[in-house]
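J.: mmCIF, C-alpha atoms, saved as structure.cif, coming up:
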```
data_input
#
loop_
_atom_site.label_atom_id
_atom_site.label_comp_id
_atom_site.auth_asym_id
_atom_site.auth_seq_id
_atom_site.Cartn_x
_atom_site.Cartn_y
_atom_site.Cartn_z
CA MET A 4 153.55 13.42 30.96
CA SER A 5 150.41 14.92 29.49
CA THR A 6 149.85 14.79 25.79
CA TYR A 7 147.32 17.56 25.85
CA ALA A 8 148.62 20.80 24.45
CA LYS A 9 147.37 24.02 25.99
CA LYS A 10 144.86 25.63 23.70
CA PRO A 11 145.72 29.29 22.90
CA PHE A 12 143.28 31.95 24.18
CA THR A 13 140.76 33.13 21.63
CA PHE A 14 138.84 36.35 22.17
CA THR A 15 135.23 35.60 21.30
CA GLY A 16 132.00 37.51 21.05
CA TRP A 17 131.04 36.28 24.52
CA HIS A 18 134.11 37.97 26.00
CA MET A 19 133.21 41.22 24.26
CA LEU A 20 129.62 40.96 25.54
CA ALA A 21 130.83 40.47 29.13
CA ILE A 22 133.16 43.49 28.87
CA MET A 23 130.41 45.68 27.39
CA LEU A 24 127.86 44.62 30.05
CA ALA A 25 130.35 45.25 32.88
CA PHE A 26 131.36 48.65 31.48
CA PHE A 27 127.89 50.01 30.70
CA GLY A 28 126.35 48.29 33.74
CA THR A 29 128.76 50.18 36.00
CA ILE A 30 127.99 53.51 34.31
CA ILE A 31 124.22 52.98 34.45
CA THR A 32 124.36 51.87 38.10
CA VAL A 33 126.37 54.95 39.10
CA ASN A 34 124.02 57.25 37.15
CA PHE A 35 120.89 55.81 38.76
CA THR A 36 122.50 55.99 42.21
CA MET A 37 123.47 59.64 41.74
CA ALA A 38 120.03 60.53 40.35
CA TYR A 39 118.33 58.87 43.33
CA LEU A 40 120.56 60.66 45.84
CA ALA A 41 120.01 64.00 44.07
CA THR A 42 116.22 63.69 44.16
CA SER A 43 115.90 62.18 47.65
CA THR A 44 117.88 64.88 49.48
CA TRP A 45 117.56 68.68 49.64
CA SER A 46 115.58 70.09 46.75
CA GLY A 47 117.54 73.34 46.53
CA LEU A 48 114.26 75.26 46.71
CA VAL A 49 114.76 78.71 48.20
CA VAL A 50 111.38 80.30 47.45
CA LYS A 51 108.13 78.60 46.49
CA ASN A 52 107.26 81.03 43.70
CA THR A 53 110.08 82.99 42.09
CA TYR A 54 107.71 85.38 40.29
CA VAL A 55 106.02 86.45 43.53
CA ALA A 56 109.42 86.78 45.24
CA SER A 57 110.67 89.03 42.43
CA GLN A 58 107.59 91.27 42.76
CA GLN A 59 108.20 91.65 46.51
CA PHE A 60 111.92 92.38 46.15
CA ASN A 61 111.76 96.20 46.00
CA GLY A 62 109.43 96.39 49.01
CA LYS A 63 111.67 94.13 51.06
CA THR A 64 114.75 96.11 50.05
CA ALA A 65 113.14 99.38 51.16
CA ALA A 66 112.11 97.83 54.50
CA ILE A 67 115.66 96.59 55.10
CA ARG A 68 117.10 100.04 54.32
CA GLU A 69 114.64 101.59 56.77
CA MET A 70 115.58 99.03 59.44
CA LEU A 71 119.31 99.59 58.93
CA ALA A 72 118.84 103.37 59.22
CA THR A 73 117.65 102.93 62.82
CA GLY A 74 121.04 101.51 63.81
CA ILE A 75 119.49 98.52 65.54
CA ALA A 76 121.89 95.61 66.03
CA GLY A 77 121.53 92.06 67.25
CA ASP A 78 124.05 89.99 69.17
CA LEU A 79 123.55 86.22 68.95
CA SER A 80 125.19 83.45 70.94
CA VAL A 81 124.20 79.79 70.66
CA ASP A 82 125.63 76.75 72.37
CA ALA A 83 124.45 73.20 72.99
CA LYS A 84 122.29 74.33 75.95
CA GLY A 85 120.48 77.33 74.51
CA MET A 86 120.37 80.68 72.79
CA ARG A 87 120.87 84.31 73.81
CA TYR A 88 119.96 87.24 71.60
CA ARG A 89 120.36 90.91 72.56
CA LEU A 90 118.82 93.79 70.59
CA THR A 91 120.41 97.21 71.00
CA LEU A 92 120.45 100.64 69.40
CA PRO A 93 123.62 102.72 69.14
CA GLU A 94 125.16 103.63 72.53
CA ASN A 95 124.05 100.16 73.77
CA THR A 96 120.43 101.24 74.36
CA PRO A 97 118.29 98.09 74.76
CA VAL A 98 115.42 97.49 72.34
CA VAL A 99 112.19 95.93 73.60
CA ALA A 100 110.28 93.90 71.03
CA ASP A 101 106.82 92.32 71.30
CA SER A 102 108.10 89.02 69.90
CA VAL A 103 111.38 87.54 68.76
CA ALA A 104 111.42 84.35 66.72
CA ALA A 105 114.40 82.29 65.58
CA HIS A 106 114.29 79.83 62.71
CA PHE A 107 117.13 77.30 62.73
CA LYS A 108 117.92 75.81 59.33
CA ARG A 109 120.62 73.43 58.21
CA PRO A 110 122.62 74.77 55.24
CA VAL A 111 121.60 71.67 53.27
CA GLY A 112 118.43 69.74 53.97
CA THR A 113 115.26 70.53 55.85
CA ALA A 114 114.80 67.48 58.07
CA GLN A 115 116.20 69.11 61.24
CA ASP A 116 114.85 72.66 60.75
CA PHE A 117 112.88 74.15 63.63
CA GLU A 118 111.48 77.48 64.82
CA LEU A 119 111.12 78.83 68.33
CA GLN A 120 109.91 81.91 70.15
CA LEU A 121 112.41 83.58 72.47
CA THR A 122 111.45 84.68 75.95
CA PRO A 123 112.22 88.28 77.00
CA ALA A 124 114.63 88.54 79.94
CA GLY A 125 114.78 92.37 80.20
CA ASP A 126 117.23 94.97 78.86
CA GLY A 127 116.77 93.83 75.26
CA LEU A 128 117.83 90.26 76.07
CA TYR A 129 115.86 87.30 74.71
CA LEU A 130 116.51 83.70 75.75
CA ALA A 131 115.62 80.17 74.73
CA GLU A 132 116.63 76.99 76.49
CA LEU A 133 116.95 74.14 74.05
CA ASP A 134 119.28 71.38 73.01
CA VAL A 135 120.78 72.45 69.70
CA LEU A 136 122.41 69.65 67.74
CA ALA A 137 126.06 70.11 66.90
CA GLY A 138 127.05 71.31 63.45
CA SER A 139 126.41 74.20 61.08
CA TRP A 140 123.16 76.17 61.22
CA ILE A 141 121.69 79.25 59.59
CA VAL A 142 119.72 81.14 62.22
CA GLU A 143 117.14 83.59 60.87
CA ILE A 144 115.90 85.98 63.55
CA GLN A 145 112.86 88.25 63.31
CA ALA A 146 111.86 90.81 65.94
CA ILE A 147 108.41 92.42 65.80
CA LYS A 148 107.21 95.52 67.66
CA ASP A 149 103.74 97.03 67.25
CA GLY A 150 103.08 94.73 64.27
CA LYS A 151 106.16 95.98 62.40
CA MET A 152 109.38 94.08 61.83
CA ILE A 153 112.16 95.98 63.58
CA MET A 154 114.92 93.42 63.04
CA HIS A 155 115.46 90.66 60.52
CA GLU A 156 118.82 89.01 60.16
CA ALA A 157 120.34 85.67 59.33
CA LYS A 158 123.61 84.40 60.73
CA ARG A 159 125.54 81.24 59.99
CA ILE A 160 126.79 79.60 63.15
CA THR A 161 128.54 76.40 64.20
CA VAL A 162 127.50 74.67 67.42
CA SER A 163 130.10 72.44 69.01
CA GLY A 164 129.13 69.06 70.41
CA GLU A 165 130.42 69.87 73.89
#
```
Take the structure in the file and give it back as structure tokens.

T.:
Amino acid sequence: MSTYAKKPFTFTGWHMLAIMLAFFGTIITVNFTMAYLATSTWSGLVVKNTYVASQQFNGKTAAIREMLATGIAGDLSVDAKGMRYRLTLPENTPVVADSVAAHFKRPVGTAQDFELQLTPAGDGLYLAELDVLAGSWIVEIQAIKDGKMIMHEAKRITVSGE
């Protein structure tokens, strides 16, 4: 039989130091991790210079009103193999543009963004054959005729992986 009596636990300054270091160490580690992730991913930048964008706002608004008054409409379809875009006026009259460009952007992040020119296929139809990655995209389309923008729209789409 042992003659040693179990010594009762005594809370010392070293125990308090260990608890404080663990507590604040966890908080500081989480804060630095979140700050790193916030600065290393999408910046949230929408326009490069907000003052210039604000000065151009009224002109852009007037141009959009003028474009909408024509009744021009775009029909977009995108799948994993490519893109189809049809421009029409009311009564399904096809619109012929000099150039049609599509800018694919991820809703968050800029690493996978790309732009492409669509090829005219007649009757207001414009095509592009490309492999579009699955997921959510914002597709901004601009059609130009005689140096003037006749259509500018942005649509949010989801491309399936099939």

J.: Identify the residues within 12 Å of coordinate (124.4, 100.4, 75.0) (same frame as the file), considering only C-alpha atoms, and give the answer as a ChimeraX atom specification.

T.: /A:74-78,89-98,126-127

J.: Specify as a ChimeraX atom specification each residue included when the PyMOL selection byres ((chain A and resi 121) around 12) is applied to this file.

T.: /A:79,85-89,100-106,118-120,122-125,127-133,144-147

J.: Quote the spacing between atom CA of Asp116 of chain A and atom CA of Val142 of chain A in Å to one decimal place.

T.: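 Atom-to-atom, atom CA of Asp116 of chain A to atom CA of Val142 of chain A, that is 9.9 Å.
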
J.: Would you mind reading off the distance between atom CA of Met152 of chain A and atom CA of Ala56 of chain A, one decimal, in Å?

T.: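 Between atom CA of Met152 of chain A and atom CA of Ala56 of chain A the gap is 18.1 Å.
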
J.: Figure out the distance between atom CA of Val99 of chain A and atom CA of Glu69 of chain A, please, to one decimal in Å.

T.: 17.9 Å

J.: Around the point (114.4, 95.3, 61.3) (coordinates from the file), which residues reach within 7 Å if we count all atoms listed in the file? Answer as a PDB file with C-alpha atoms, in the frame of the given file.

T.:
```pdb
ATOM      1  CA  ILE A  67     115.660  96.590  55.100  1.00  0.00           C
ATOM      2  CA  MET A  70     115.580  99.030  59.440  1.00  0.00           C
ATOM      3  CA  LEU A  71     119.310  99.590  58.930  1.00  0.00           C
ATOM      4  CA  ALA A 146     111.860  90.810  65.940  1.00  0.00           C
ATOM      5  CA  MET A 152     109.380  94.080  61.830  1.00  0.00           C
ATOM      6  CA  ILE A 153     112.160  95.980  63.580  1.00  0.00           C
ATOM      7  CA  MET A 154     114.920  93.420  63.040  1.00  0.00           C
ATOM      8  CA  HIS A 155     115.460  90.660  60.520  1.00  0.00           C
TER       9      HIS A 155
END
```

J.: With the PyMOL selection byres ((chain A and resi 162) around 6) as the selection, what would be picked from this file? Answer as a list in words, please.

T.: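 Listing what the PyMOL selection byres ((chain A and resi 162) around 6) selects in the shown file: Asp82, Ala137, Gly138, Thr161 and Ser163 of chain A.
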
J.: Starting from the incomplete input, reconstruct N, CA, C and O atoms of segment 11-35 of chain A and report them as a compact mmCIF listing (two decimals), keeping the file's coordinate frame.

T.:
```
# COMPACT_ATOMS: atom_id res chain seq x y z
N PRO A 11 145.50 27.85 22.79
CA PRO A 11 145.72 29.29 22.90
C PRO A 11 144.40 30.02 23.12
O PRO A 11 143.35 29.58 22.67
N PHE A 12 144.49 31.16 23.87
CA PHE A 12 143.28 31.95 24.18
C PHE A 12 142.75 32.60 22.92
O PHE A 12 143.49 33.17 22.12
N THR A 13 141.43 32.50 22.76
CA THR A 13 140.76 33.13 21.63
C THR A 13 139.72 34.09 22.18
O THR A 13 138.88 33.71 22.99
N PHE A 14 139.81 35.33 21.74
CA PHE A 14 138.84 36.35 22.17
C PHE A 14 137.59 36.18 21.32
O PHE A 14 137.62 36.31 20.10
N THR A 15 136.47 35.89 22.02
CA THR A 15 135.23 35.60 21.30
C THR A 15 134.21 36.71 21.53
O THR A 15 134.44 37.64 22.31
N GLY A 16 133.10 36.56 20.88
CA GLY A 16 132.00 37.51 21.05
C GLY A 16 131.46 37.51 22.47
O GLY A 16 130.99 38.53 22.98
N TRP A 17 131.50 36.35 23.13
CA TRP A 17 131.04 36.28 24.52
C TRP A 17 131.91 37.13 25.44
O TRP A 17 131.43 37.74 26.39
N HIS A 18 133.20 37.14 25.19
CA HIS A 18 134.11 37.97 26.00
C HIS A 18 133.79 39.46 25.80
O HIS A 18 133.75 40.23 26.76
N MET A 19 133.55 39.82 24.55
CA MET A 19 133.21 41.22 24.26
C MET A 19 131.89 41.61 24.92
O MET A 19 131.75 42.71 25.47
N LEU A 20 130.91 40.70 24.89
CA LEU A 20 129.62 40.96 25.54
C LEU A 20 129.79 41.17 27.04
O LEU A 20 129.21 42.10 27.62
N ALA A 21 130.60 40.34 27.68
CA ALA A 21 130.83 40.47 29.13
C ALA A 21 131.50 41.81 29.45
O ALA A 21 131.14 42.48 30.42
N ILE A 22 132.48 42.21 28.64
CA ILE A 22 133.16 43.49 28.87
C ILE A 22 132.18 44.65 28.69
O ILE A 22 132.16 45.58 29.51
N MET A 23 131.37 44.61 27.65
CA MET A 23 130.41 45.68 27.39
C MET A 23 129.37 45.77 28.52
O MET A 23 129.01 46.86 28.97
N LEU A 24 128.85 44.61 28.96
CA LEU A 24 127.86 44.62 30.05
C LEU A 24 128.47 45.15 31.34
O LEU A 24 127.82 45.92 32.06
N ALA A 25 129.70 44.75 31.65
CA ALA A 25 130.35 45.25 32.88
C ALA A 25 130.58 46.76 32.79
O ALA A 25 130.32 47.49 33.75
N PHE A 26 131.06 47.23 31.65
CA PHE A 26 131.36 48.65 31.48
C PHE A 26 130.09 49.50 31.57
O PHE A 26 129.99 50.40 32.40
N PHE A 27 129.11 49.20 30.71
CA PHE A 27 127.89 50.01 30.70
C PHE A 27 127.03 49.76 31.94
O PHE A 27 126.33 50.66 32.40
N GLY A 28 127.08 48.58 32.50
CA GLY A 28 126.35 48.29 33.74
C GLY A 28 126.85 49.15 34.89
O GLY A 28 126.08 49.67 35.69
N THR A 29 128.17 49.32 34.96
CA THR A 29 128.76 50.18 36.00
C THR A 29 128.32 51.62 35.80
O THR A 29 127.91 52.30 36.76
N ILE A 30 128.38 52.12 34.59
CA ILE A 30 127.99 53.51 34.31
C ILE A 30 126.51 53.74 34.63
O ILE A 30 126.14 54.72 35.28
N ILE A 31 125.66 52.83 34.20
CA ILE A 31 124.22 52.98 34.45
C ILE A 31 123.92 52.90 35.94
O ILE A 31 123.13 53.69 36.46
N THR A 32 124.58 51.99 36.65
CA THR A 32 124.36 51.87 38.10
C THR A 32 124.77 53.15 38.82
O THR A 32 124.05 53.66 39.68
N VAL A 33 125.92 53.71 38.47
CA VAL A 33 126.37 54.95 39.10
C VAL A 33 125.41 56.09 38.77
O VAL A 33 125.04 56.88 39.65
N ASN A 34 124.96 56.19 37.52
CA ASN A 34 124.02 57.25 37.15
C ASN A 34 122.71 57.15 37.91
O ASN A 34 122.19 58.16 38.40
N PHE A 35 122.14 55.97 38.02
CA PHE A 35 120.89 55.81 38.76
C PHE A 35 121.08 56.11 40.24
O PHE A 35 120.23 56.72 40.88
```
